[in-house]
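Structure file upload_14.pdb (PDB, C-alpha atoms) follows.
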ATOM      1  CA  MET A   1     -32.329   6.399  -9.984  1.00  0.00           C
ATOM      2  CA  THR A   2     -31.583   6.815 -13.686  1.00  0.00           C
ATOM      3  CA  ARG A   3     -28.374   8.724 -12.934  1.00  0.00           C
ATOM      4  CA  ALA A   4     -27.035   5.923 -10.740  1.00  0.00           C
ATOM      5  CA  TYR A   5     -27.724   3.373 -13.465  1.00  0.00           C
ATOM      6  CA  ALA A   6     -26.154   5.646 -16.078  1.00  0.00           C
ATOM      7  CA  LEU A   7     -23.017   5.951 -13.928  1.00  0.00           C
ATOM      8  CA  LEU A   8     -22.797   2.169 -13.477  1.00  0.00           C
ATOM      9  CA  ILE A   9     -23.275   1.611 -17.210  1.00  0.00           C
ATOM     10  CA  ALA A  10     -20.650   4.263 -18.007  1.00  0.00           C
ATOM     11  CA  LEU A  11     -18.214   2.591 -15.602  1.00  0.00           C
ATOM     12  CA  ALA A  12     -18.871  -0.773 -17.234  1.00  0.00           C
ATOM     13  CA  LEU A  13     -18.399   0.651 -20.722  1.00  0.00           C
ATOM     14  CA  THR A  14     -15.179   2.486 -19.924  1.00  0.00           C
ATOM     15  CA  ALA A  15     -13.573  -0.210 -17.726  1.00  0.00           C
ATOM     16  CA  PRO A  16     -11.871  -1.924 -20.714  1.00  0.00           C
ATOM     17  CA  LEU A  17     -10.148   1.387 -21.487  1.00  0.00           C
ATOM     18  CA  VAL A  18      -8.213   1.447 -18.207  1.00  0.00           C
ATOM     19  CA  THR A  19      -5.362  -0.787 -19.380  1.00  0.00           C
ATOM     20  CA  PRO A  20      -4.708   0.989 -22.709  1.00  0.00           C
ATOM     21  CA  LEU A  21      -4.961   4.353 -20.972  1.00  0.00           C
ATOM     22  CA  ALA A  22      -2.447   3.226 -18.335  1.00  0.00           C
ATOM     23  CA  ARG A  23      -0.073   2.146 -21.109  1.00  0.00           C
ATOM     24  CA  VAL A  24      -0.313   5.631 -22.607  1.00  0.00           C
ATOM     25  CA  PHE A  25       0.761   7.307 -19.380  1.00  0.00           C
ATOM     26  CA  PHE A  26       3.123   4.746 -17.855  1.00  0.00           C
ATOM     27  CA  GLY A  27       4.390   2.817 -20.868  1.00  0.00           C
ATOM     28  CA  SER A  28       6.537  -0.227 -20.242  1.00  0.00           C
ATOM     29  CA  TRP A  29       8.891  -0.612 -17.278  1.00  0.00           C
ATOM     30  CA  PRO A  30      11.970   0.494 -19.277  1.00  0.00           C
ATOM     31  CA  HIS A  31      10.093   3.552 -20.583  1.00  0.00           C
ATOM     32  CA  PHE A  32       8.851   4.542 -17.114  1.00  0.00           C
ATOM     33  CA  ALA A  33      12.283   3.934 -15.576  1.00  0.00           C
ATOM     34  CA  TYR A  34      13.944   6.087 -18.217  1.00  0.00           C
ATOM     35  CA  ASP A  35      11.424   8.898 -17.595  1.00  0.00           C
ATOM     36  CA  ALA A  36      12.033   8.621 -13.847  1.00  0.00           C
ATOM     37  CA  GLY A  37      15.784   9.013 -14.305  1.00  0.00           C
ATOM     38  CA  LEU A  38      16.840   5.439 -13.612  1.00  0.00           C
ATOM     39  CA  ARG A  39      19.756   4.894 -15.948  1.00  0.00           C
ATOM     40  CA  PRO A  40      20.946   2.574 -17.416  1.00  0.00           C
ATOM     41  CA  VAL A  41      17.719   0.646 -17.831  1.00  0.00           C
ATOM     42  CA  PRO A  42      18.218  -2.971 -18.876  1.00  0.00           C
ATOM     43  CA  GLU A  43      15.173  -5.033 -19.805  1.00  0.00           C
ATOM     44  CA  ARG A  44      15.516  -7.446 -16.887  1.00  0.00           C
ATOM     45  CA  LEU A  45      16.474  -6.050 -13.519  1.00  0.00           C
ATOM     46  CA  HIS A  46      16.879  -8.115 -10.394  1.00  0.00           C
ATOM     47  CA  TRP A  47      15.397  -6.889  -7.125  1.00  0.00           C
ATOM     48  CA  PRO A  48      18.725  -5.759  -5.536  1.00  0.00           C
ATOM     49  CA  GLU A  49      19.472  -3.648  -8.618  1.00  0.00           C
ATOM     50  CA  ILE A  50      15.966  -2.182  -8.637  1.00  0.00           C
ATOM     51  CA  LYS A  51      16.097  -1.442  -4.910  1.00  0.00           C
ATOM     52  CA  SER A  52      19.421   0.364  -5.075  1.00  0.00           C
ATOM     53  CA  GLN A  53      18.310   2.467  -8.052  1.00  0.00           C
ATOM     54  CA  LEU A  54      14.967   3.327  -6.437  1.00  0.00           C
ATOM     55  CA  VAL A  55      16.609   4.403  -3.182  1.00  0.00           C
ATOM     56  CA  ALA A  56      19.136   6.549  -5.024  1.00  0.00           C
ATOM     57  CA  ASN A  57      16.499   8.269  -7.182  1.00  0.00           C
ATOM     58  CA  LEU A  58      13.440   8.155  -4.910  1.00  0.00           C
ATOM     59  CA  ALA A  59      12.357  11.788  -5.436  1.00  0.00           C
ATOM     60  CA  SER A  60      12.520  11.493  -9.208  1.00  0.00           C
ATOM     61  CA  VAL A  61      10.633   8.193  -9.238  1.00  0.00           C
ATOM     62  CA  LEU A  62       7.892   9.521  -6.933  1.00  0.00           C
ATOM     63  CA  SER A  63       7.415  12.742  -8.880  1.00  0.00           C
ATOM     64  CA  THR A  64       7.210  10.851 -12.171  1.00  0.00           C
ATOM     65  CA  LEU A  65       4.789   8.347 -10.662  1.00  0.00           C
ATOM     66  CA  LEU A  66       2.556  11.073  -9.217  1.00  0.00           C
ATOM     67  CA  LEU A  67       2.499  13.070 -12.452  1.00  0.00           C
ATOM     68  CA  ASP A  68       1.652   9.946 -14.457  1.00  0.00           C
ATOM     69  CA  LEU A  69      -1.089   9.024 -11.976  1.00  0.00           C
ATOM     70  CA  LEU A  70      -2.543  12.523 -12.125  1.00  0.00           C
ATOM     71  CA  GLY A  71      -2.599  12.457 -15.908  1.00  0.00           C
ATOM     72  CA  PHE A  72      -4.141   8.990 -15.918  1.00  0.00           C
ATOM     73  CA  PHE A  73      -6.930   9.942 -13.498  1.00  0.00           C
ATOM     74  CA  VAL A  74      -7.728  13.180 -15.316  1.00  0.00           C
ATOM     75  CA  ALA A  75      -7.868  11.393 -18.671  1.00  0.00           C
ATOM     76  CA  TYR A  76     -10.042   8.580 -17.281  1.00  0.00           C
ATOM     77  CA  ALA A  77     -12.349  11.097 -15.590  1.00  0.00           C
ATOM     78  CA  ALA A  78     -12.777  12.860 -18.938  1.00  0.00           C
ATOM     79  CA  VAL A  79     -13.597   9.595 -20.696  1.00  0.00           C
ATOM     80  CA  LEU A  80     -15.966   8.519 -17.920  1.00  0.00           C
ATOM     81  CA  GLY A  81     -17.666  11.907 -17.817  1.00  0.00           C
ATOM     82  CA  SER A  82     -18.148  11.900 -21.574  1.00  0.00           C
ATOM     83  CA  ALA A  83     -19.680   8.423 -21.487  1.00  0.00           C
ATOM     84  CA  TYR A  84     -21.895   9.330 -18.500  1.00  0.00           C
ATOM     85  CA  TYR A  85     -23.311  12.505 -20.013  1.00  0.00           C
ATOM     86  CA  THR A  86     -23.765  10.851 -23.402  1.00  0.00           C
ATOM     87  CA  LEU A  87     -25.776   8.105 -21.719  1.00  0.00           C
ATOM     88  CA  LEU A  88     -27.863  10.670 -19.845  1.00  0.00           C
ATOM     89  CA  TRP A  89     -28.539  12.505 -23.091  1.00  0.00           C
ATOM     90  CA  VAL A  90     -29.533   9.298 -24.888  1.00  0.00           C
ATOM     91  CA  LEU A  91     -31.793   8.243 -22.006  1.00  0.00           C
ATOM     92  CA  SER A  92     -33.480  11.655 -21.848  1.00  0.00           C
ATOM     93  CA  PHE A  93     -33.952  11.587 -25.631  1.00  0.00           C
ATOM     94  CA  PHE A  94     -35.779   8.245 -25.476  1.00  0.00           C
ATOM     95  CA  GLN A  95     -37.776   9.115 -22.361  1.00  0.00           C
ATOM     96  CA  GLY A  96     -38.907  12.430 -23.797  1.00  0.00           C
ATOM     97  CA  THR A  97     -37.844  14.343 -20.700  1.00  0.00           C
TER
END
Show me this structure written as structure tokens.
Amino acid sequence: MTRAYALLIALALTAPLVTPLARVFFGSWPHFAYDAGLRPVPERLHWPEIKSQLVANLASVLSTLLLDLLGFFVAYAAVLGSAYYTLLWVLSFFQGT
């Protein structure tokens, strides 16, 4: 049961890192749109403008989104795994096991 508690604690400790980590991979809307090939990228787009640009560049937007998601999940898994195994090591150190 210690491993389940360690996983829950690791999730709780790393949950605040989700938003900053997402900003690293996705950035702001203009940054993501530029990476996805949506040009020009004004700060404020209205829905009809966004829709027409997304339809025209759907493959580019999806590939950029999937690559960013993959990077985000791999990075978060590394952070979560590090926290989990550090907690297990600390718990085994104090339990003497």
Practice problem: Tell me, in Å to one decimal, how far CA of Leu58 (chain A) is from CA of Leu70 (chain A). | Solution: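 About the pair CA of Leu58 (chain A) and CA of Leu70 (chain A): they are 18.1 Å apart.
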Practice problem: Let me know the residues the PyMOL selection byres ((chain A and resi 19-24) around 10) catches in the file above, as a list in words. | Solution: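 This file, filtered by the PyMOL selection byres ((chain A and resi 19-24) around 10), leaves Ala15, Pro16, Leu17, Val18, Phe25, Phe26, Gly27, Ser28, Asp68, Leu69, Gly71, Phe72, Phe73, Ala75 and Tyr76 of chain A.
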Practice problem: Skip Leu8 (chain A) itself and residues of its chain fewer than 4 positions away, then list as an MDAnalysis selection string all residues within 12 Å of it, counting only C-alpha atoms. | Solution: chainID A and resid 1:4 12:15 80:81 83:84 87:88
Quiz item: Looking at A:Val90, A:Leu11, A:Ile50, A:Ala36, which one is nearest to Leu66 (chain A), with distances taken over all atoms listed in the file?
Solution: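 Answer, going by the shortest atom-to-atom distance: A:Ala36.
Atom pair CA of Pro30 (chain A) / CA of Val74 (chain A) has a distance of 23.8 Å (rounded to one decimal).
The coordinates place CA of Leu38 (chain A) at 10.3 Å from CA of Ser52 (chain A).
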Quiz item: Which residue out of A:Val55, A:Ser63, A:Ala33, A:Tyr85 has the minimum interatomic distance to Ala6 (chain A) when only C-alpha atoms are used?
Solution: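 Of the candidates, the smallest distance to Ala6 (chain A) is held by A:Tyr85.
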Practice problem: Kindly indicate which residue among A:Glu49, A:Leu67, A:Tyr5, A:Ala10 lies nearest to Ser82 (chain A), using only C-alpha atoms for the distances. | Solution: A:Ala10
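Of the listed residues A:Gly96, A:Gly37, A:Trp29, A:Ala77, the one whose atoms come nearest to Ala59 (chain A) is A:Gly37, with distances taken using all atoms listed in the file.
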